[in-house]
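> Just so it is clear, I am handing over data-v2.txt, which has compact mmCIF, C-alpha atoms.
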```txt
# COMPACT_ATOMS: atom_id res chain seq x y z
CA MET A 93 13.23 5.40 -28.73
CA ALA A 94 14.70 8.43 -27.01
CA TYR A 95 18.39 8.97 -27.34
CA ARG A 96 20.40 8.51 -24.16
CA PRO A 97 23.99 9.57 -23.77
CA LEU A 98 26.46 6.80 -23.14
CA PHE A 99 27.67 8.35 -19.91
CA PRO A 100 24.68 9.96 -18.23
CA ARG A 101 25.57 12.87 -16.04
CA ASP A 102 23.06 12.41 -13.31
CA VAL A 103 21.58 9.63 -11.29
CA PHE A 104 18.05 10.23 -12.57
CA ALA A 105 19.06 9.59 -16.17
CA GLU A 106 20.80 6.43 -15.02
CA MET A 107 17.72 5.25 -13.15
CA ASP A 108 15.61 6.08 -16.17
CA ARG A 109 17.82 3.89 -18.34
CA LEU A 110 17.65 1.07 -15.79
CA GLN A 111 13.87 1.28 -15.79
CA ARG A 112 13.82 1.04 -19.61
CA GLU A 113 16.02 -2.01 -19.56
CA MET A 114 13.82 -3.64 -16.94
CA LEU A 115 10.81 -2.94 -19.17
CA HIS A 116 12.65 -4.55 -22.09
CA ALA A 117 13.51 -7.57 -19.98
CA PHE A 118 9.96 -8.15 -18.76
CA ASP A 119 8.20 -7.45 -22.05
CA ILE A 120 8.08 -10.97 -23.41
CA SER A 121 6.37 -10.12 -26.68
CA PRO A 122 7.18 -6.53 -27.64
CA SER A 123 5.30 -4.76 -30.40
CA ILE A 124 6.58 -5.37 -33.94
CA ARG A 125 7.26 -1.63 -34.26
CA GLY A 126 9.51 -1.52 -31.23
CA LEU A 127 9.10 -0.55 -27.65
CA ALA A 128 5.68 0.99 -27.23
CA ARG A 129 6.40 2.76 -23.96
CA GLY A 130 9.02 5.21 -22.88
CA GLY A 131 9.53 6.87 -26.25
CA TYR A 132 8.83 10.41 -27.30
CA PRO A 133 6.13 11.49 -27.56
CA ALA A 134 4.12 9.64 -24.90
CA VAL A 135 0.68 8.60 -26.11
CA ASN A 136 -2.55 8.00 -24.21
CA VAL A 137 -5.39 6.29 -26.04
CA GLY A 138 -9.04 6.25 -25.08
CA SER A 139 -12.20 5.14 -26.76
CA THR A 140 -15.86 6.01 -26.72
CA ALA A 141 -18.77 4.48 -28.58
CA LYS A 142 -18.36 7.12 -31.30
CA SER A 143 -14.63 7.67 -31.58
CA ILE A 144 -11.04 6.77 -30.74
CA GLU A 145 -9.19 9.53 -28.90
CA LEU A 146 -5.40 9.83 -29.00
CA TYR A 147 -3.47 12.22 -26.80
CA THR A 148 0.12 12.73 -27.94
CA PHE A 149 2.27 14.56 -25.40
CA ALA A 150 4.57 16.50 -27.73
CA PRO A 151 5.46 19.82 -26.09
CA GLY A 152 7.39 22.60 -27.78
CA ILE A 153 6.52 21.83 -31.39
CA ASP A 154 5.22 24.12 -34.10
CA PRO A 155 1.92 22.41 -35.01
CA ALA A 156 2.49 23.20 -38.70
CA THR A 157 5.52 20.87 -38.75
CA LEU A 158 3.59 17.91 -37.33
CA ASP A 159 2.84 15.19 -39.83
CA VAL A 160 -0.27 13.11 -39.08
CA GLN A 161 -1.26 10.43 -41.56
CA VAL A 162 -3.79 7.63 -41.71
CA GLU A 163 -3.10 4.88 -44.16
CA LYS A 164 -4.44 1.33 -44.29
CA GLY A 165 -5.74 1.50 -40.76
CA VAL A 166 -2.44 2.75 -39.34
CA LEU A 167 -2.07 6.21 -37.82
CA THR A 168 1.38 7.79 -37.96
CA ILE A 169 2.46 10.86 -36.03
CA ALA A 170 5.85 12.23 -37.07
CA GLY A 171 7.81 15.40 -36.54
CA GLU A 172 10.98 16.90 -35.29
CA ARG A 173 11.89 18.72 -32.14
CA LYS A 174 14.94 20.94 -32.25
CA ALA A 175 17.27 21.16 -29.28
CA GLU A 176 17.41 24.47 -27.45
CA PRO A 177 20.45 26.36 -28.68
CA VAL A 178 23.30 26.65 -26.19
CA PRO A 179 24.94 30.07 -26.43
CA GLU A 180 28.67 30.39 -26.53
CA LYS A 181 30.48 30.08 -23.22
CA ALA A 182 27.42 28.41 -21.69
CA ASN A 183 27.26 25.01 -20.03
CA ARG A 184 24.50 22.45 -20.23
CA HIS A 185 24.12 20.95 -16.75
CA ILE A 186 21.05 18.79 -17.25
CA ASP A 187 19.98 17.41 -20.60
CA GLU A 188 16.86 15.27 -20.29
CA ARG A 189 14.48 16.68 -22.84
CA PHE A 190 14.11 14.86 -26.13
CA SER A 191 15.37 16.40 -29.33
CA GLY A 192 15.50 15.08 -32.86
CA ARG A 193 13.09 13.34 -35.19
CA PHE A 194 10.31 11.20 -33.81
CA ARG A 195 7.62 8.90 -35.13
CA ARG A 196 4.85 7.03 -33.38
CA VAL A 197 2.66 4.51 -35.10
CA VAL A 198 -0.70 3.30 -33.83
CA THR A 199 -2.86 0.59 -35.36
CA LEU A 200 -6.48 1.71 -35.45
CA PRO A 201 -9.45 -0.60 -34.96
CA ASP A 202 -11.27 -1.83 -38.08
CA ASP A 203 -14.42 0.19 -37.51
CA VAL A 204 -12.95 3.68 -37.77
CA ASP A 205 -13.61 6.15 -40.58
CA PRO A 206 -10.25 7.34 -41.98
CA ASN A 207 -11.96 10.39 -43.49
CA ALA A 208 -13.24 11.66 -40.15
CA VAL A 209 -10.02 12.49 -38.33
CA GLN A 210 -9.67 15.68 -36.32
CA ALA A 211 -6.39 16.93 -34.87
CA ARG A 212 -5.89 19.80 -32.43
CA TYR A 213 -2.69 20.98 -30.77
CA ARG A 214 -3.11 22.67 -27.42
CA ASP A 215 -0.74 23.19 -24.46
CA GLY A 216 1.78 20.84 -26.06
CA VAL A 217 -0.68 17.99 -26.51
CA LEU A 218 -1.80 16.80 -29.93
CA HIS A 219 -5.34 15.48 -29.56
CA ILE A 220 -6.47 13.31 -32.46
CA SER A 221 -10.03 12.16 -32.65
CA VAL A 222 -10.91 9.40 -35.12
CA ALA A 223 -14.61 8.79 -35.58
CA ARG A 224 -16.01 5.29 -35.73
CA ARG A 225 -18.18 4.45 -38.70
CA GLU A 226 -21.92 5.04 -38.31
CA ALA A 227 -22.71 1.39 -38.94
CA ALA A 228 -20.42 0.30 -36.15
CA GLN A 229 -22.02 2.47 -33.51
CA PRO A 230 -24.38 0.79 -31.10
CA ARG A 231 -28.01 1.25 -32.08
CA ARG A 232 -31.20 0.53 -30.30
CA ILE A 233 -33.54 -1.54 -32.41
CA THR A 234 -37.20 -0.89 -31.92
CA VAL A 235 -39.35 -3.95 -31.66
CA GLN A 236 -42.47 -3.73 -33.74
CA MET B 16 6.22 16.11 22.17
CA ASN B 17 9.07 16.98 19.91
CA ASP B 18 8.38 13.88 17.90
CA THR B 19 4.79 14.77 17.21
CA THR B 20 5.66 18.30 16.07
CA SER B 21 8.34 17.07 13.69
CA VAL B 22 5.96 14.48 12.29
CA ALA B 23 3.30 17.11 11.82
CA LYS B 24 5.78 19.36 10.08
CA GLN B 25 6.89 16.57 7.79
CA ALA B 26 3.30 15.83 6.86
CA ALA B 27 2.75 19.48 6.01
CA ASN B 28 5.84 19.61 3.80
CA ALA B 29 5.30 16.26 2.10
CA PRO B 30 3.81 16.40 -1.40
CA ALA B 31 0.10 15.81 -1.19
CA GLU B 32 -0.24 13.53 -4.19
CA ALA B 33 1.94 11.46 -6.48
CA ALA B 34 3.22 13.35 -9.50
CA LEU B 35 5.23 12.84 -12.68
CA MET B 36 8.72 14.28 -12.95
CA PRO B 37 8.96 16.54 -15.98
CA PRO B 38 12.19 16.30 -18.00
CA VAL B 39 14.32 19.46 -17.90
CA ASP B 40 17.29 21.09 -19.59
CA VAL B 41 19.46 23.43 -17.53
CA ILE B 42 21.86 25.77 -19.29
CA GLU B 43 24.17 28.14 -17.44
CA ASP B 44 25.88 31.16 -18.93
CA ALA B 45 27.80 34.02 -17.35
CA ASN B 46 24.70 35.95 -16.33
CA GLY B 47 22.38 33.26 -15.10
CA ILE B 48 20.66 29.95 -15.56
CA THR B 49 18.01 29.03 -18.12
CA LEU B 50 15.76 26.09 -17.31
CA TYR B 51 13.43 24.42 -19.80
CA ALA B 52 10.80 21.99 -18.56
CA ASP B 53 8.34 19.87 -20.54
CA LEU B 54 4.85 20.10 -19.06
CA PRO B 55 2.53 18.97 -21.87
CA GLY B 56 -1.18 19.22 -21.16
CA VAL B 57 -0.87 21.90 -18.49
CA PRO B 58 -2.79 25.11 -19.26
CA LYS B 59 -1.18 28.37 -18.13
CA GLU B 60 -3.58 28.88 -15.23
CA LYS B 61 -2.76 25.44 -13.79
CA LEU B 62 0.97 26.04 -13.73
CA ASN B 63 2.34 26.86 -10.31
CA LEU B 64 5.84 28.21 -9.77
CA HIS B 65 7.06 28.72 -6.28
CA VAL B 66 10.31 30.05 -4.86
CA GLU B 67 10.79 29.76 -1.13
CA ALA B 68 14.20 30.53 0.38
CA ASP B 69 16.48 28.55 -1.93
CA THR B 70 13.90 26.03 -3.18
CA LEU B 71 12.29 26.29 -6.58
CA THR B 72 9.15 24.21 -7.10
CA ILE B 73 7.56 23.65 -10.48
CA GLU B 74 4.06 22.19 -10.36
CA GLY B 75 1.43 21.76 -12.98
CA GLU B 76 -1.89 20.02 -13.35
CA LEU B 77 -3.02 18.40 -16.54
CA ALA B 78 -6.29 19.47 -18.11
CA LEU B 79 -7.20 17.51 -21.22
CA ALA B 80 -10.42 17.84 -23.14
CA MET B 81 -12.00 14.42 -22.89
CA PRO B 82 -15.29 13.37 -24.46
CA GLU B 83 -17.92 12.04 -22.13
CA GLY B 84 -17.82 8.34 -21.37
CA MET B 85 -14.25 7.85 -22.60
CA GLU B 86 -12.51 4.71 -21.47
CA ALA B 87 -8.72 4.68 -21.36
CA THR B 88 -7.26 1.80 -23.34
CA HIS B 89 -3.55 2.61 -23.35
CA VAL B 90 -1.94 4.94 -20.83
CA GLU B 91 1.62 6.23 -20.78
CA VAL B 92 1.00 9.47 -18.92
CA ALA B 93 -0.68 7.93 -15.92
CA LEU B 94 -0.83 10.78 -13.39
CA PRO B 95 -2.63 14.10 -13.82
CA ARG B 96 0.14 16.17 -12.24
CA TYR B 97 3.78 17.19 -12.66
CA ARG B 98 6.11 18.27 -9.91
CA ARG B 99 9.82 18.92 -9.63
CA VAL B 100 11.86 20.68 -6.98
CA PHE B 101 15.29 22.27 -7.35
CA THR B 102 17.62 23.79 -4.81
CA LEU B 103 19.01 27.12 -6.00
CA SER B 104 22.51 28.15 -5.14
CA LYS B 105 23.04 31.42 -3.30
CA GLU B 106 24.55 33.40 -6.16
CA LEU B 107 21.24 33.17 -8.03
CA ASP B 108 18.73 35.97 -7.63
CA ALA B 109 15.49 34.16 -6.81
CA GLY B 110 13.58 37.46 -6.76
CA LYS B 111 14.14 38.09 -10.46
CA VAL B 112 12.98 34.82 -11.98
CA GLY B 113 11.44 35.29 -15.40
CA ALA B 114 9.02 32.70 -16.80
CA GLU B 115 7.58 32.00 -20.23
CA PHE B 116 5.17 29.17 -20.97
CA ALA B 117 4.20 28.16 -24.48
CA HIS B 118 3.12 24.89 -26.13
CA GLY B 119 3.68 23.00 -22.88
CA VAL B 120 7.29 24.12 -22.48
CA LEU B 121 8.25 26.28 -19.51
CA LYS B 122 11.28 28.51 -19.88
CA LEU B 123 12.67 29.94 -16.66
CA ARG B 124 15.42 32.50 -16.50
CA ILE B 125 17.14 32.87 -13.15
CA PRO B 126 19.72 35.67 -13.24
CA LYS B 127 22.80 35.70 -11.08
CA ALA B 128 22.88 38.30 -8.35
CA GLU B 129 24.69 41.50 -9.21
CA HIS B 130 27.67 40.69 -6.98
CA ALA B 131 28.05 37.22 -8.51
CA GLN B 132 28.34 38.39 -12.11
CA PRO B 133 31.73 38.15 -13.72
CA ARG B 134 33.83 41.26 -13.43
CA LYS B 135 37.15 42.12 -14.78
CA ILE B 136 39.44 43.23 -12.03
CA GLN B 137 41.74 46.04 -12.84
CA VAL B 138 45.26 45.58 -11.66
CA ALA B 139 46.65 48.82 -10.41
CA VAL B 140 50.29 49.32 -11.04
CA GLY B 141 51.77 51.31 -8.25
```
The structure in this file should be written as structure tokens.

Amino acid sequence: MAYRPLFPRDVFAEMDRLQREMLHAFDISPSIRGLARGGYPAVNVGSTAKSIELYTFAPGIDPATLDVQVEKGVLTIAGERKAEPVPEKANRHIDERFSGRFRRVVTLPDDVDPNAVQARYRDGVLHISVARREAAQPRRITVQ
Amino acid sequence: MNDTTSVAKQAANAPAEAALMPPVDVIEDANGITLYADLPGVPKEKLNLHVEADTLTIEGELALAMPEGMEATHVEVALPRYRRVFTLSKELDAGKVGAEFAHGVLKLRIPKAEHAQPRKIQVAVG
């Protein structure tokens, strides 16, 4: 989960924290790996008949430092985002962007092929495409 | 009559569609302000920066490559648009805003106007 300072400086950060706590309160059965929403990076997942598509919103990262692994049906995306350096005699007025190490873990469906994973990083979004196995794809059966 | 004109004006100024608020960092040094904003998924041509009077508007539209027939199963980024508006203070030189955009991170540099930059004042001994 994203780090939040103990004494947020602005009302938006405070509202953000409140919203997180509300989410916690209403999520009766949270995921075993922690709060799924609200962390960094945000993840959108979609599926087609042929593949599972993951969109990880991780801006400002050198793609070479991203670590994407598939093991035992679990996809892990890990990396680190460094904070922007503050020069001497400068003040940080707003500090909302995430910095530090992150890790997101997604359980994949049973019918995916762990050897057919493609990952592309573009405009700050890591797009991972995991193909489903041939056998699992819908097929039309011809009647003889 | 006045009422209708003000309503019409409001409608024209109001944001057209709901948008996400991108997180930002704002750092100020002696010569100006540096603003970083996270706008993942926005290609350069869909980024729109606008300075009008003392209002800075950052807008961007998401463009993700999606395969045909994709169904969303889990959504955390639920709107296709970012927008955030800032009011600039008068010592900032809105005409000299510099912008860089790489890997979904926008870096804006807003210098302070010449007259607002720190100066050492010589004390004349008479």
> Please compute the CA of Pro95 (chain B)-CA of Thr157 (chain A) distance, one decimal, in Å.
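According to the coordinates, CA of Pro95 (chain B) and CA of Thr157 (chain A) are separated by 27.1 Å.
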> For chain B, report every residue with an atom at most 10 Å from chain A (counting only C-alpha atoms), formatted as a ChimeraX atom specification.
/B:37-59,77-93,116-121
> Quick one: of A:Leu200, A:Leu115, A:Leu110, A:Ala211, who's nearest to Asp159 (chain A), counting all atoms listed in the file?
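Closest to Asp159 (chain A) of all the choices is A:Ala211.
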> Given only C-alpha atoms as the basis, pick out the residue of B:Arg96, B:Ala109, B:Ala139, B:Glu32 nearest to Val66 (chain B).
B:Ala109
> If I take CA of Ala223 (chain A) and CA of Val162 (chain A), how far is one from the other in Å, to one decimal?
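Separation between CA of Ala223 (chain A) and CA of Val162 (chain A): 12.5 Å.
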> In terms of the shortest atom-to-atom distance over all atoms listed in the file, which of A:Arg231, A:Gly192, A:Gly165, A:Lys174 is closest to Val204 (chain A)?
A:Gly165
